[in-house]
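K.L.:
Pasting a structure here, questions to come.
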Amino acid sequence: AALPVLLGDDDRQAGPSLLRATTDAGAVRLWLATHKETPTTHASYRKEAERFLLWMDVNHPGCQLGDMRYEDVQAYIAFLSDPQPAALWVASDRRRYRRGDPGWRPFAGPLSAASQAQARVILNAMFSWLVVAGHLRGNPMALVRQKKRQHAQKTERFLSERQWQAVKAHINSMPLDSDMQRRSALRARWVFSLLYVLGLRSSEICATRMDAFSVQRGVDGMERWWIRVIGKGDKARRVPVPAPLLVELMRYRSGLGLSALPGPGSSEPLVMPIISRGSGQEHTAMTRAALYQLVKDVLLGTADWMRDQGEDWALDAARLAQASTHWLRHTAATRMGHGKVVHARDNLGHASIATTNAYMHSEDDERHDAMSASAALGWES
């Protein structure tokens, strides 16, 4: 049975709204629009807002955001740790579906503690903005006790050297019987090389084109290659391209019938589509969802191979089955960390790693050389 509406529209607003939107959905869209210039943030905020609104619609039909109370948001936070009923909320397989597809679900499974904390932060920001805009009377998320922030701990979400070698072996074993299979294997090798060496974000890979590569002569007279990417907050940075990755770039482009090295007019995306869709569509970039699925398929395929090897590989298989695109970014950061920490900070586009790094700077040639020293890929051929 439908739950009663506890509070009416008049009680929902503290005074005249600063928005012309009169519905929750319209007001939330306006809040999301304030983040439209940062696509990754916009996508993350949309996901959390959508999950909450769907939960509210199912558990409190007929209610509005203004009807939500402290007890309701506490119930939602508990729900995030185990979305039930799973058939309604959780995807039944490992693939990502577009919204509107019968297989689409808001969750892939229970959220980790970190993901739950992120959801609370985002929803608190949403409610706060709607209160300031006059759309809501108050923010129930503000009453939720925030756990004391712990000092950053070392992440466990990275590939060990043994796991990385297994991933490469799996890619090297991909079938090459047809042109599509050959292009798929070529692309998988290039994507994993990019992620392993540069540690780029998925959004950065999808938004970058080949003309972002450039060569610069250093003060020692040596030519060094770089790639320019646009990161969070539309901040541009240059990342060193070590020789092993440059070799992979040449291999990838040559395999697609392109010039070995890109030039200023190379408008191709960093990762090319497998299937050409005709004139005008040749240079369509991959979506983040497609890139995620490509990486996930390779990792799951490697995990399946590991299980076939017996108990000695069981733990590795379990880890790879959980891994995703971002694990490769952590793997790159771990590898870079063997050199100067500030080099890793600059390469990955972090605002800072620790307070002690706030005023440190990295000379370009030195940073390039330090990254090159630890960037061996070790592909068999």
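Convention: chains lettered A, B, ... in structure tokens order; per-chain residue numbering from 1; ligands numbered from 1 as shown.
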So that I can check the secondary structure, give me every residue of region 125-319 of chain A assigned alpha helix (DSSP H) by backbone DSSP, as an MDAnalysis selection string.

P.N.:
chainID A and resid 125:132 161:172 179:198 202:207 243:255 288:308 314:319

K.L.:
Counting only C-alpha atoms, what is within 8 Å of Leu270 (chain A), bar same-chain residues fewer than 6 positions away, as a short mmCIF file (atom, residue, chain, number, x, y, z; two decimals) with N, CA and C atoms, in the first residue's frame?

P.N.:
data_model
loop_
_atom_site.label_atom_id
_atom_site.label_comp_id
_atom_site.auth_asym_id
_atom_site.auth_seq_id
_atom_site.Cartn_x
_atom_site.Cartn_y
_atom_site.Cartn_z
N ILE A 205 41.21 9.28 -21.06
CA ILE A 205 41.48 8.48 -22.26
C ILE A 205 40.43 8.73 -23.31
N CYS A 206 39.17 8.76 -22.90
CA CYS A 206 38.08 8.92 -23.86
C CYS A 206 38.03 10.32 -24.47
N THR A 208 40.75 12.31 -25.00
CA THR A 208 42.03 12.71 -25.61
C THR A 208 42.16 12.17 -27.02
N ARG A 209 42.75 12.97 -27.90
CA ARG A 209 42.98 12.54 -29.28
C ARG A 209 44.49 12.45 -29.55
N MET A 210 44.81 11.85 -30.67
CA MET A 210 46.21 11.55 -30.98
C MET A 210 47.08 12.80 -31.12
N ALA A 285 35.16 8.46 -30.71
CA ALA A 285 35.87 7.99 -29.52
C ALA A 285 35.04 6.98 -28.75
#

K.L.:
Considering only C-alpha atoms, state which residue in the set A:Gly103, A:Arg137, A:Ala243, A:Ala207 is at the smallest distance from Val90 (chain A).

P.N.:
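Ranked by minimum distance to Val90 (chain A), first place goes to A:Gly103.
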
K.L.:
What is the CA of Ala25 (chain A)-CA of Ser112 (chain A) distance in Å, reported with one decimal?

P.N.:
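Rounded to one decimal, the two atoms are 27.1 Å apart.
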
K.L.:
Please determine, counting only C-alpha atoms, which residue among A:Trp164, A:Tyr45, A:Tyr70, A:Tyr76 has the shortest atom-to-atom distance to Gln118 (chain A).

P.N.:
A:Tyr45

K.L.:
Within 10 Å of Ala376 (chain A), counting only C-alpha atoms, which residues show up once you throw out same-chain ones fewer than 2 positions away? Write them as a list in words, please.

P.N.:
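Once the adjacent positions are removed, what remains is Ser193, Tyr196, Val197, Pro242, Ala243, Pro244, Leu245, Met371, Ser372, Ala373, Ser374, Gly378 and Trp379 of chain A.
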
K.L.:
Measure the distance from CA of Leu294 (chain A) to CA of Arg335 (chain A) in Å and round it to one decimal.

P.N.:
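These two atoms are separated by 22.7 Å.
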
K.L.:
Could you check which of A:Ala314, A:Val298, A:Met336, A:Ala91 is closest to Met174 (chain A), using only C-alpha atoms?

P.N.:
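So, comparing all the options, the nearest one is A:Val298.
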
K.L.:
Hey, what does DSSP flag as strand (DSSP E or B) within region 203-333 of chain A? Can you give it to me as a ChimeraX atom specification?

P.N.:
/A:209,213-217,223-230,236-241,269

K.L.:
Just the selected residues (N, CA, C and O atoms), exported as a short mmCIF file (atom, residue, chain, number, x, y, z; two decimals), in the first residue's frame, please.

P.N.:
data_model
loop_
_atom_site.label_atom_id
_atom_site.label_comp_id
_atom_site.auth_asym_id
_atom_site.auth_seq_id
_atom_site.Cartn_x
_atom_site.Cartn_y
_atom_site.Cartn_z
N ARG A 209 42.75 12.97 -27.90
CA ARG A 209 42.98 12.54 -29.28
C ARG A 209 44.49 12.45 -29.55
O ARG A 209 45.30 12.93 -28.77
N PHE A 213 49.75 14.09 -28.45
CA PHE A 213 51.15 13.70 -28.35
C PHE A 213 52.03 14.78 -28.99
O PHE A 213 51.69 15.34 -30.04
N SER A 214 53.17 15.03 -28.38
CA SER A 214 54.13 15.98 -28.96
C SER A 214 55.53 15.61 -28.49
O SER A 214 55.70 14.90 -27.48
N VAL A 215 56.51 16.09 -29.22
CA VAL A 215 57.91 15.82 -28.88
C VAL A 215 58.59 17.12 -28.50
O VAL A 215 58.30 18.18 -29.07
N GLN A 216 59.45 17.04 -27.51
CA GLN A 216 60.16 18.23 -27.02
C GLN A 216 61.63 17.90 -26.83
O GLN A 216 61.98 16.85 -26.31
N ARG A 217 62.48 18.81 -27.25
CA ARG A 217 63.91 18.63 -27.06
C ARG A 217 64.32 19.19 -25.70
O ARG A 217 64.04 20.34 -25.38
N GLU A 223 65.43 14.23 -27.41
CA GLU A 223 64.01 14.40 -27.71
C GLU A 223 63.18 13.49 -26.80
O GLU A 223 63.46 12.30 -26.68
N ARG A 224 62.18 14.06 -26.18
CA ARG A 224 61.30 13.31 -25.28
C ARG A 224 59.85 13.55 -25.69
O ARG A 224 59.46 14.68 -25.99
N TRP A 225 59.05 12.49 -25.66
CA TRP A 225 57.64 12.58 -26.04
C TRP A 225 56.78 12.81 -24.81
O TRP A 225 57.06 12.31 -23.71
N TRP A 226 55.71 13.58 -25.03
CA TRP A 226 54.77 13.92 -23.97
C TRP A 226 53.35 13.78 -24.51
O TRP A 226 53.13 13.76 -25.72
N ILE A 227 52.39 13.71 -23.60
CA ILE A 227 50.98 13.74 -23.99
C ILE A 227 50.27 14.75 -23.09
O ILE A 227 50.51 14.79 -21.87
N ARG A 228 49.44 15.57 -23.67
CA ARG A 228 48.69 16.58 -22.93
C ARG A 228 47.27 16.07 -22.70
O ARG A 228 46.57 15.70 -23.64
N VAL A 229 46.85 16.04 -21.44
CA VAL A 229 45.51 15.57 -21.10
C VAL A 229 44.80 16.62 -20.26
O VAL A 229 45.43 17.44 -19.59
N ILE A 230 43.47 16.59 -20.31
CA ILE A 230 42.64 17.48 -19.51
C ILE A 230 42.03 16.65 -18.39
O ILE A 230 41.26 15.73 -18.65
N ALA A 236 44.69 21.14 -17.34
CA ALA A 236 45.56 20.48 -18.32
C ALA A 236 46.88 20.12 -17.65
O ALA A 236 47.38 20.85 -16.78
N ARG A 237 47.44 18.99 -18.07
CA ARG A 237 48.77 18.60 -17.59
C ARG A 237 49.48 17.83 -18.69
O ARG A 237 48.83 17.26 -19.57
N ARG A 238 50.79 17.82 -18.63
CA ARG A 238 51.59 17.05 -19.57
C ARG A 238 52.17 15.84 -18.85
O ARG A 238 52.71 15.97 -17.75
N VAL A 239 52.05 14.69 -19.48
CA VAL A 239 52.51 13.44 -18.88
C VAL A 239 53.61 12.86 -19.78
O VAL A 239 53.45 12.80 -21.00
N PRO A 240 54.73 12.43 -19.20
CA PRO A 240 55.79 11.84 -20.00
C PRO A 240 55.33 10.58 -20.72
O PRO A 240 54.54 9.80 -20.19
N VAL A 241 55.80 10.39 -21.94
CA VAL A 241 55.54 9.16 -22.70
C VAL A 241 56.87 8.42 -22.83
O VAL A 241 57.68 8.74 -23.70
N PRO A 269 40.93 9.46 -32.16
CA PRO A 269 40.87 9.31 -30.70
C PRO A 269 42.02 8.44 -30.20
O PRO A 269 42.62 7.69 -30.97
#

K.L.:
Would you work out the distance separating CA of Thr34 (chain A) from CA of Met126 (chain A), expressed in Å to one decimal?

P.N.:
10.9 Å
